[in-house]
Structures are given as structure tokens and as C-alpha cells.
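Colleague: Supplied structure: upload-v8.cif, mmCIF, C-alpha atoms.
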```
data_structure
#
loop_
_atom_site.label_atom_id
_atom_site.label_comp_id
_atom_site.auth_asym_id
_atom_site.auth_seq_id
_atom_site.Cartn_x
_atom_site.Cartn_y
_atom_site.Cartn_z
CA MET A 1 0.00 0.00 0.00
CA PRO A 2 1.51 3.38 -0.97
CA ALA A 3 2.26 5.92 1.77
CA LEU A 4 -0.46 8.27 0.57
CA SER A 5 -3.07 5.50 0.80
CA VAL A 6 -1.85 4.73 4.32
CA LEU A 7 -2.45 8.36 5.24
CA LEU A 8 -5.93 8.45 3.69
CA VAL A 9 -7.06 5.12 5.17
CA ARG A 10 -5.69 5.85 8.64
CA THR A 11 -7.34 9.26 8.67
CA ALA A 12 -10.56 7.55 7.57
CA LEU A 13 -10.21 5.12 10.50
CA CYS A 14 -9.83 8.05 12.89
CA TRP A 15 -13.09 9.50 11.54
CA LEU A 16 -14.74 6.10 11.93
CA ALA A 17 -13.67 5.90 15.59
CA ALA A 18 -14.90 9.45 16.23
CA GLY A 19 -18.07 8.97 14.16
CA VAL A 20 -19.23 5.82 15.95
CA ALA A 21 -18.50 7.43 19.33
CA MET A 22 -20.74 10.37 18.39
CA GLY A 23 -23.32 7.95 17.01
CA ALA A 24 -23.32 5.97 20.26
CA LEU A 25 -23.83 9.18 22.23
CA LEU A 26 -26.69 10.23 19.95
CA LEU A 27 -28.40 6.86 20.25
CA SER A 28 -27.90 6.80 24.02
CA ALA A 29 -29.38 10.29 24.29
CA LYS A 30 -32.64 8.96 22.85
CA ALA A 31 -32.87 6.47 25.68
CA SER A 32 -31.38 8.30 28.67
CA PRO A 33 -31.37 11.75 30.25
CA LEU A 34 -28.23 13.01 28.52
CA PRO A 35 -28.11 16.78 27.88
CA ALA A 36 -30.25 17.81 24.89
CA GLY A 37 -27.16 19.51 23.43
CA VAL A 38 -25.85 16.06 22.51
CA PHE A 39 -28.28 16.03 19.58
CA ARG A 40 -26.31 18.88 18.02
CA LEU A 41 -23.62 16.29 17.30
CA PHE A 42 -25.88 14.84 14.61
CA HIS A 43 -24.36 16.96 11.81
CA PHE A 44 -20.79 16.18 12.88
CA HIS A 45 -21.65 12.47 13.17
CA SER A 46 -23.12 12.39 9.64
CA GLU A 47 -20.22 14.28 8.11
CA ALA A 48 -17.63 12.16 9.94
CA VAL A 49 -19.01 8.77 8.94
CA LEU A 50 -20.20 9.57 5.41
CA VAL A 51 -17.40 11.82 4.16
CA GLY A 52 -14.55 11.45 6.67
CA TRP A 53 -14.83 7.68 6.84
CA MET A 54 -16.52 6.25 3.75
CA VAL A 55 -15.48 8.73 1.07
CA GLN A 56 -11.93 8.99 2.36
CA LEU A 57 -11.55 5.22 2.70
CA THR A 58 -12.65 4.67 -0.88
CA MET A 59 -10.22 7.34 -2.09
CA GLY A 60 -7.37 5.70 -0.20
CA VAL A 61 -8.15 2.22 -1.49
CA ALA A 62 -8.72 3.49 -5.04
CA TRP A 63 -5.33 5.24 -5.06
CA TRP A 64 -3.80 1.92 -4.01
CA ILE A 65 -5.54 -0.54 -6.36
CA LEU A 66 -6.45 1.30 -9.57
CA PRO A 67 -4.30 0.20 -12.55
CA LYS A 68 -0.82 1.72 -12.45
CA TYR A 69 1.21 3.33 -15.22
CA SER A 70 4.13 1.49 -16.79
CA ARG A 71 6.27 4.61 -16.29
CA LEU A 72 7.22 6.47 -13.10
CA PRO A 73 5.56 7.70 -11.00
CA GLU A 74 3.56 4.52 -11.36
CA ARG A 75 0.45 5.98 -9.69
CA GLY A 76 0.74 9.37 -11.34
CA PRO A 77 1.32 12.74 -9.65
CA ALA A 78 0.65 12.66 -5.91
CA ALA A 79 0.09 16.40 -5.43
CA PRO A 80 -3.64 16.37 -6.30
CA VAL A 81 -4.23 13.53 -3.83
CA TRP A 82 -2.38 15.39 -1.08
CA ALA A 83 -4.61 18.37 -1.86
CA ALA A 84 -7.67 16.11 -1.73
CA TRP A 85 -6.66 14.81 1.70
CA LEU A 86 -6.16 18.31 3.05
CA LEU A 87 -9.36 19.74 1.55
CA LEU A 88 -11.53 16.77 2.48
CA ASN A 89 -10.55 16.78 6.14
CA ALA A 90 -10.77 20.55 6.41
CA GLY A 91 -14.20 20.26 4.82
CA VAL A 92 -15.40 17.64 7.31
CA LEU A 93 -14.20 19.79 10.21
CA LEU A 94 -15.73 23.02 8.89
CA ALA A 95 -19.02 21.58 7.68
CA GLY A 96 -19.52 18.96 10.38
CA ALA A 97 -18.15 20.61 13.50
CA GLY A 98 -19.21 24.03 12.26
CA ARG A 99 -22.84 23.06 11.93
CA SER A 100 -22.81 21.26 15.26
CA VAL A 101 -21.52 24.31 17.13
CA GLY A 102 -23.90 26.63 15.31
CA ALA A 103 -21.35 28.33 13.06
CA SER A 104 -22.51 30.59 10.24
CA ASP A 105 -23.94 29.16 7.04
CA GLY A 106 -20.98 30.68 5.21
CA LEU A 107 -18.54 28.54 7.19
CA VAL A 108 -20.55 25.40 6.56
CA MET A 109 -20.74 26.20 2.84
CA THR A 110 -16.97 26.76 2.81
CA GLY A 111 -16.56 23.29 4.28
CA ARG A 112 -18.82 21.76 1.66
CA ALA A 113 -16.93 23.64 -1.08
CA ALA A 114 -13.66 22.24 0.27
CA GLU A 115 -15.15 18.73 0.04
CA LEU A 116 -16.17 19.36 -3.56
CA LEU A 117 -12.70 20.62 -4.44
CA ALA A 118 -11.23 17.52 -2.77
CA ALA A 119 -13.37 15.35 -5.04
CA VAL A 120 -12.26 17.32 -8.10
CA ALA A 121 -8.60 17.02 -7.11
CA PHE A 122 -8.91 13.30 -6.48
CA ALA A 123 -10.86 12.68 -9.69
CA SER A 124 -8.20 14.50 -11.72
CA ALA A 125 -5.60 12.05 -10.40
CA ALA A 126 -7.75 8.91 -10.56
CA TRP A 127 -9.49 9.48 -13.90
CA PRO A 128 -6.57 8.54 -16.20
CA ARG A 129 -5.97 5.39 -14.16
CA VAL A 130 -9.47 4.08 -14.86
CA LYS A 131 -8.36 1.90 -17.78
CA ALA A 132 -7.70 -1.70 -18.71
CA PHE A 133 -4.63 -3.29 -17.13
CA GLY A 134 -1.58 -2.96 -19.38
CA GLU A 135 -3.00 -0.04 -21.41
CA MET B 1 -11.85 -15.64 1.74
CA PRO B 2 -11.58 -16.04 5.54
CA PRO B 3 -14.64 -17.14 7.58
CA ILE B 4 -15.09 -13.71 9.22
CA THR B 5 -15.27 -12.09 5.81
CA ARG B 6 -17.90 -14.56 4.70
CA TRP B 7 -20.00 -13.71 7.75
CA PHE B 8 -19.57 -9.98 7.18
CA VAL B 9 -20.41 -10.11 3.47
CA ARG B 10 -23.35 -12.48 3.79
CA SER B 11 -24.74 -10.43 6.66
CA ALA B 12 -24.29 -7.30 4.51
CA LEU B 13 -26.35 -8.93 1.77
CA VAL B 14 -29.11 -9.88 4.21
CA TRP B 15 -29.20 -6.31 5.61
CA LEU B 16 -29.32 -4.94 2.06
CA LEU B 17 -32.37 -7.04 1.22
CA LEU B 18 -34.03 -6.02 4.48
CA THR B 19 -33.21 -2.35 3.86
CA LEU B 20 -34.62 -2.31 0.35
CA ALA B 21 -37.73 -4.22 1.36
CA THR B 22 -38.25 -1.74 4.21
CA GLY B 23 -37.69 1.13 1.77
CA ILE B 24 -40.41 -0.13 -0.55
CA LEU B 25 -42.86 -0.37 2.32
CA LEU B 26 -41.94 3.07 3.66
CA ALA B 27 -42.20 4.66 0.21
CA SER B 28 -45.59 3.18 -0.47
CA GLY B 29 -46.88 4.57 2.78
CA VAL B 30 -47.41 1.16 4.27
CA ALA B 31 -46.37 1.10 7.91
CA VAL B 32 -43.63 -1.36 8.72
CA ARG B 33 -44.91 -2.88 11.93
CA LEU B 34 -43.40 -5.36 14.31
CA PRO B 35 -45.65 -8.42 14.42
CA GLY B 36 -48.49 -8.09 16.89
CA THR B 37 -47.74 -4.47 17.81
CA GLU B 38 -48.36 -0.95 16.56
CA VAL B 39 -44.60 -0.36 16.43
CA VAL B 40 -43.43 1.34 13.21
CA VAL B 41 -39.87 1.33 11.88
CA PRO B 42 -38.72 5.00 11.75
CA TYR B 43 -36.56 6.60 9.06
CA PRO B 44 -33.31 6.79 11.12
CA THR B 45 -33.51 3.04 11.66
CA TYR B 46 -33.98 2.51 7.92
CA LEU B 47 -31.01 4.75 7.14
CA HIS B 48 -28.77 2.80 9.55
CA LEU B 49 -29.87 -0.51 8.07
CA LEU B 50 -28.31 0.75 4.84
CA THR B 51 -25.19 2.51 6.12
CA VAL B 52 -24.30 0.17 8.99
CA GLY B 53 -25.94 -3.07 7.88
CA TRP B 54 -24.98 -3.05 4.22
CA LEU B 55 -22.11 -0.60 3.68
CA THR B 56 -20.15 -1.00 6.91
CA ASN B 57 -20.46 -4.79 7.02
CA LEU B 58 -19.26 -5.02 3.43
CA ILE B 59 -16.34 -2.63 4.03
CA PHE B 60 -15.26 -4.40 7.24
CA GLY B 61 -15.44 -7.83 5.63
CA VAL B 62 -13.54 -6.93 2.48
CA ALA B 63 -10.92 -4.91 4.40
CA PHE B 64 -10.33 -7.85 6.76
CA TRP B 65 -9.75 -10.04 3.71
CA MET B 66 -7.83 -7.77 1.33
CA PHE B 67 -5.71 -5.36 3.40
CA PRO B 68 -1.95 -6.05 3.66
CA ARG B 69 -1.01 -8.92 5.92
CA HIS B 70 -0.26 -8.19 9.57
CA THR B 71 2.56 -10.66 10.24
CA ALA B 72 3.53 -14.08 8.89
CA ASP B 73 2.07 -15.70 12.02
CA HIS B 74 -1.07 -13.58 12.26
CA LEU B 75 -1.96 -12.80 8.67
CA ARG B 76 -5.11 -10.89 9.45
CA GLY B 77 -4.47 -9.68 12.97
CA SER B 78 -6.58 -10.75 15.92
CA GLU B 79 -9.41 -13.19 15.25
CA MET B 80 -10.96 -12.18 18.56
CA LEU B 81 -11.07 -8.49 17.60
CA GLY B 82 -12.45 -9.47 14.21
CA TRP B 83 -15.33 -11.43 15.72
CA THR B 84 -15.90 -8.70 18.31
CA SER B 85 -16.32 -6.16 15.53
CA TYR B 86 -18.71 -8.50 13.69
CA ALA B 87 -20.83 -9.25 16.74
CA GLY B 88 -20.84 -5.67 18.02
CA LEU B 89 -21.91 -4.24 14.71
CA ASN B 90 -24.61 -6.78 13.89
CA VAL B 91 -26.11 -7.49 17.30
CA GLY B 92 -26.01 -3.74 17.98
CA LEU B 93 -27.89 -3.00 14.78
CA LEU B 94 -30.43 -5.73 15.47
CA LEU B 95 -31.10 -4.28 18.93
CA ARG B 96 -31.60 -0.85 17.35
CA LEU B 97 -34.01 -2.32 14.84
CA ILE B 98 -36.13 -3.55 17.75
CA GLY B 99 -35.43 -0.87 20.35
CA GLU B 100 -35.91 2.36 18.38
CA PRO B 101 -39.40 1.57 17.09
CA ALA B 102 -40.36 0.20 20.50
CA LEU B 103 -39.23 3.42 22.19
CA LEU B 104 -41.23 5.57 19.76
CA ALA B 105 -44.30 3.45 20.41
CA GLY B 106 -43.88 3.88 24.17
CA ALA B 107 -43.25 0.17 24.56
CA GLY B 108 -39.90 0.35 26.33
CA GLY B 109 -36.74 -0.14 24.35
CA ARG B 110 -34.46 2.12 26.40
CA THR B 111 -32.21 -0.68 27.58
CA LEU B 112 -32.05 -2.14 24.08
CA LEU B 113 -30.98 1.23 22.65
CA LEU B 114 -28.29 1.71 25.29
CA LEU B 115 -27.00 -1.79 24.62
CA SER B 116 -27.14 -1.14 20.89
CA ALA B 117 -25.11 2.05 21.25
CA GLY B 118 -22.47 0.30 23.35
CA LEU B 119 -22.21 -2.71 21.06
CA GLN B 120 -21.88 -0.67 17.87
CA LEU B 121 -19.23 1.48 19.52
CA LEU B 122 -17.39 -1.68 20.57
CA GLY B 123 -17.73 -3.11 17.06
CA GLY B 124 -16.40 0.01 15.37
CA TRP B 125 -13.48 0.47 17.71
CA ALA B 126 -12.55 -3.24 17.60
CA PHE B 127 -12.35 -2.97 13.81
CA VAL B 128 -10.15 0.15 13.98
CA LEU B 129 -7.80 -1.48 16.50
CA ASN B 130 -7.55 -4.66 14.46
CA ILE B 131 -7.05 -3.15 11.03
CA TRP B 132 -4.78 -0.22 12.01
CA PRO B 133 -1.50 -2.22 12.01
CA ARG B 134 -2.40 -3.67 8.60
CA VAL B 135 -2.68 -0.21 7.02
CA LYS B 136 0.99 0.08 6.19
CA ALA B 137 3.36 0.81 3.35
CA LYS B 138 5.24 -2.04 1.69
#
```
Go ahead and express the file in the form of C-alpha cells.
Modeller:
Amino acid sequence: MPALSVLLVRTALCWLAAGVAMGALLLSAKASPLPAGVFRLFHFHSEAVLVGWMVQLTMGVAWWILPKYSRLPERGPAAPVWAAWLLLNAGVLLAGAGRSVGASDGLVMTGRAAELLAAVAFASAAWPRVKAFGE
Amino acid sequence: MPPITRWFVRSALVWLLLTLATGILLASGVAVRLPGTEVVVPYPTYLHLLTVGWLTNLIFGVAFWMFPRHTADHLRGSEMLGWTSYAGLNVGLLLRLIGEPALLAGAGGRTLLLLSAGLQLLGGWAFVLNIWPRVKAK
């Protein structure tokens, strides 16, 4: 597994650990007298598990297993994927945590825009590698 | 394919069928009731059947199978943590499937939901602990 995939997958695992902890708190709050403020974690929980965990995991695994080039660098330029990692995680923090703490709509939209840019950056790196093996 | 993966993937397929069947009933406006009760399956439960039951089970199972080997002696890490993640995730989800509708119907369910939360947390963290050392560069 390339180092960049290790980074993406391990970051995804961190979001999974955080996301299920928030999910467990949210579910417990439905059944016990936990502070009502716990329900504000809903947005952060959703963003963490759907984007931080699932989207990031698939990016990491795709970067690892998509067909490689016969020339170096065999997985293509890494810079767009580094950018995707940075933008995606900043996006999860801004959109997820921002919404949960009642930040402005502008901040949440900035987070979502960062996630979109992350997808564009990743797609630009992955697109040419979506090909038959040996091509 | 190791036995744990088979359990994860087959369970994922069962949850997928259950999710889609529930979705059809919900979309057609037909209440999804537990037998003999007025208990209705709510939307959050349906959503978690898909994301936890189908997606997460499939991801966990395939990752346990395909990720780089841990060591020559323990190819896929700890079997115990693997089964803990499987049981936590699936028993936890099953308890939610029963407990959340029951709570909404005023028919108890609090203990089931607390257990469900704890088990799913255990399942998720057991997976992270087990797979972490296998996420490594060559």
C-alpha cells in the first residue's frame, strides 16, 4: 500500500472511531437523560461517517488498487491527492463541526466547497488510471 | 476468503435485502410494523440498516480479507477483535431495529438502545484497533 493510501485510510479510520462514538452518544441520548445539546452532534456524526470515513476510505483504497502506469511515477502525480486529503478533512471539520456548534452558514458552505474541491482534485488524479490493465 | 469475511459479506447482503424491502414499504406509505404491535420502523432506523448493515459490514469484511497482511504468524491480525467487531456491529444494529421503534411506540426499548449504542461502539473500535497495524506501506 503506498504511503499516501496509508495516510488516507488511517485518517478515515480516525473519523470512523470518532463517528461511531458520536453515534453511540446520539443513540444513548434517545434512551437516557443526557443533555439535549448532545443532539447537536448529529451533523458532525453524519459528516464524519459519510465523508470522513466512507469517502476517504474509498479514495485511499482506489489510489492503491487502480491500474498503475508502466512509467514512473507509477500511480501518477501525488500532489492532487495530497490536496484532496487536506481539503476533504478541512471540509469535514468546517461543515460537520461548524454546523454542530452553530457556526454561520458561510462557514458550513466553505466546508462543503472544500469537500467538492477535494473530489475534483482526487478525480483528476484517478481518472486517467481508470483503464484496462496494461493499457 | 476467511470465515469472518464470509460472515460480514453475507450479513451485509441480508441487511441490504431487508433495507430495500423496508424502503419499498416506507415509500408506499405502508407502515412497517413489528408483528403483533403498533410499532413502526422509523426513518433513522432505515437509514442505519443501509449505512451500517450493508455498507459498513461489506467494508469491514472486504478490508479484513484484502488489506496487507499483519505478520507471517497472524496474517489478518486478531481473530478475537475481528469477531468482536462483527458481533458488536450486527447485534447492535439488530437491537436498534427492535429498540428504536419500541421506544417511539412507548413500549420500552431504552435498555435495548443503550446496549445497541455500546455494542456498535465496541464493534467500530474493535475494527479500527484490528485493522490499524495492517494499514501500512510495503
Colleague: Return the neighbours of chain A among the residues of chain B, cut-off 6 Å, counting all atoms listed in the file, as an MDAnalysis selection string.
Modeller: chainID B and resid 110 114 117 121 125 135:138
Colleague: Name the residues in contact with Ala27 in chain B at a cut-off of 12 Å, using only C-alpha atoms, excluding same-chain residues fewer than 6 positions from it; report them as an NGL selection string.
Modeller: :B and (19-21 or 43 or 46)
Colleague: Please compute the CA of Leu88 in chain A-CA of Gly102 in chain A distance, one decimal, in Å.
Modeller: 20.4 Å
Colleague: Assuming the chain letters and numbering stay as they are in my file, what does the PyMOL selection byres ((chain A and resi 121-123) around 12) actually select? List them as a PyMOL selection string.
Modeller: chain A and resi 8+55-56+58-60+62-63+76-88+114-120+124-130
Colleague: Translate the PyMOL selection byres ((chain B and resi 71-77) around 12), as applied to the file shown, into an explicit residue set as a ChimeraX atom specification.
Modeller: /B:1-5,61-70,78-83,126-136
Colleague: Could you please take those selected residues and save C-alpha atoms as a PDB file, in the frame of the given file?
Modeller:
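Saved the output as selection.pdb:
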```pdb
ATOM      1  CA  MET B   1     -11.850 -15.640   1.740  1.00  0.00           C
ATOM      2  CA  PRO B   2     -11.580 -16.040   5.540  1.00  0.00           C
ATOM      3  CA  PRO B   3     -14.640 -17.140   7.580  1.00  0.00           C
ATOM      4  CA  ILE B   4     -15.090 -13.710   9.220  1.00  0.00           C
ATOM      5  CA  THR B   5     -15.270 -12.090   5.810  1.00  0.00           C
ATOM      6  CA  GLY B  61     -15.440  -7.830   5.630  1.00  0.00           C
ATOM      7  CA  VAL B  62     -13.540  -6.930   2.480  1.00  0.00           C
ATOM      8  CA  ALA B  63     -10.920  -4.910   4.400  1.00  0.00           C
ATOM      9  CA  PHE B  64     -10.330  -7.850   6.760  1.00  0.00           C
ATOM     10  CA  TRP B  65      -9.750 -10.040   3.710  1.00  0.00           C
ATOM     11  CA  MET B  66      -7.830  -7.770   1.330  1.00  0.00           C
ATOM     12  CA  PHE B  67      -5.710  -5.360   3.400  1.00  0.00           C
ATOM     13  CA  PRO B  68      -1.950  -6.050   3.660  1.00  0.00           C
ATOM     14  CA  ARG B  69      -1.010  -8.920   5.920  1.00  0.00           C
ATOM     15  CA  HIS B  70      -0.260  -8.190   9.570  1.00  0.00           C
ATOM     16  CA  SER B  78      -6.580 -10.750  15.920  1.00  0.00           C
ATOM     17  CA  GLU B  79      -9.410 -13.190  15.250  1.00  0.00           C
ATOM     18  CA  MET B  80     -10.960 -12.180  18.560  1.00  0.00           C
ATOM     19  CA  LEU B  81     -11.070  -8.490  17.600  1.00  0.00           C
ATOM     20  CA  GLY B  82     -12.450  -9.470  14.210  1.00  0.00           C
ATOM     21  CA  TRP B  83     -15.330 -11.430  15.720  1.00  0.00           C
ATOM     22  CA  ALA B 126     -12.550  -3.240  17.600  1.00  0.00           C
ATOM     23  CA  PHE B 127     -12.350  -2.970  13.810  1.00  0.00           C
ATOM     24  CA  VAL B 128     -10.150   0.150  13.980  1.00  0.00           C
ATOM     25  CA  LEU B 129      -7.800  -1.480  16.500  1.00  0.00           C
ATOM     26  CA  ASN B 130      -7.550  -4.660  14.460  1.00  0.00           C
ATOM     27  CA  ILE B 131      -7.050  -3.150  11.030  1.00  0.00           C
ATOM     28  CA  TRP B 132      -4.780  -0.220  12.010  1.00  0.00           C
ATOM     29  CA  PRO B 133      -1.500  -2.220  12.010  1.00  0.00           C
ATOM     30  CA  ARG B 134      -2.400  -3.670   8.600  1.00  0.00           C
ATOM     31  CA  VAL B 135      -2.680  -0.210   7.020  1.00  0.00           C
ATOM     32  CA  LYS B 136       0.990   0.080   6.190  1.00  0.00           C
TER      33      LYS B 136
END
```
Colleague: What would the selection look like, as a list in words, if the PyMOL selection byres ((chain A and resi 91) around 8) were run on the coordinates I just shared?
Modeller: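 That expression, the PyMOL selection byres ((chain A and resi 91) around 8), corresponds here to Leu87, Leu88, Asn89, Ala90, Val92, Leu93, Leu94, Ala95, Gly96, Thr110, Gly111, Arg112, Ala113, Ala114 and Glu115 of chain A.
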Colleague: Report the distance between CA of Leu13 in chain B and CA of Pro101 in chain B in Å, rounded to one decimal place.
Modeller: 22.7 Å
Colleague: Kindly give the distance, in Å, that separates CA of Trp15 in chain B and CA of Ala48 in chain A, rounded to a single decimal.
Modeller: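 According to the coordinates, CA of Trp15 in chain B and CA of Ala48 in chain A are separated by 22.2 Å.
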Colleague: Within 10 Å of Ala132 in chain A, counting only C-alpha atoms, which residues qualify if same-chain residues fewer than 2 places away don't, as a list in words?
Modeller: Leu66, Pro67, Lys68, Arg129, Val130, Gly134 and Glu135 of chain A
Colleague: Choose the residue, out of A:Phe42, A:Trp53, A:Thr11, A:Leu34, that has the smallest atom-to-atom separation from Arg99 in chain A; count all atoms listed in the file.
Modeller: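 When distances to Arg99 in chain A are compared using all atoms listed in the file, the smallest one comes from A:Phe42.
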Colleague: How big is the axis-aligned box, and where does its centre sit, when it encloses all atoms of range 73-82 of chain A listed in the file and has 3 Å added on every side, reported in Å to one decimal as JSON?
Modeller:
```
{"center_x": 0.7, "center_y": 10.5, "center_z": -6.2, "size_x": 15.8, "size_y": 17.9, "size_z": 16.3}
```
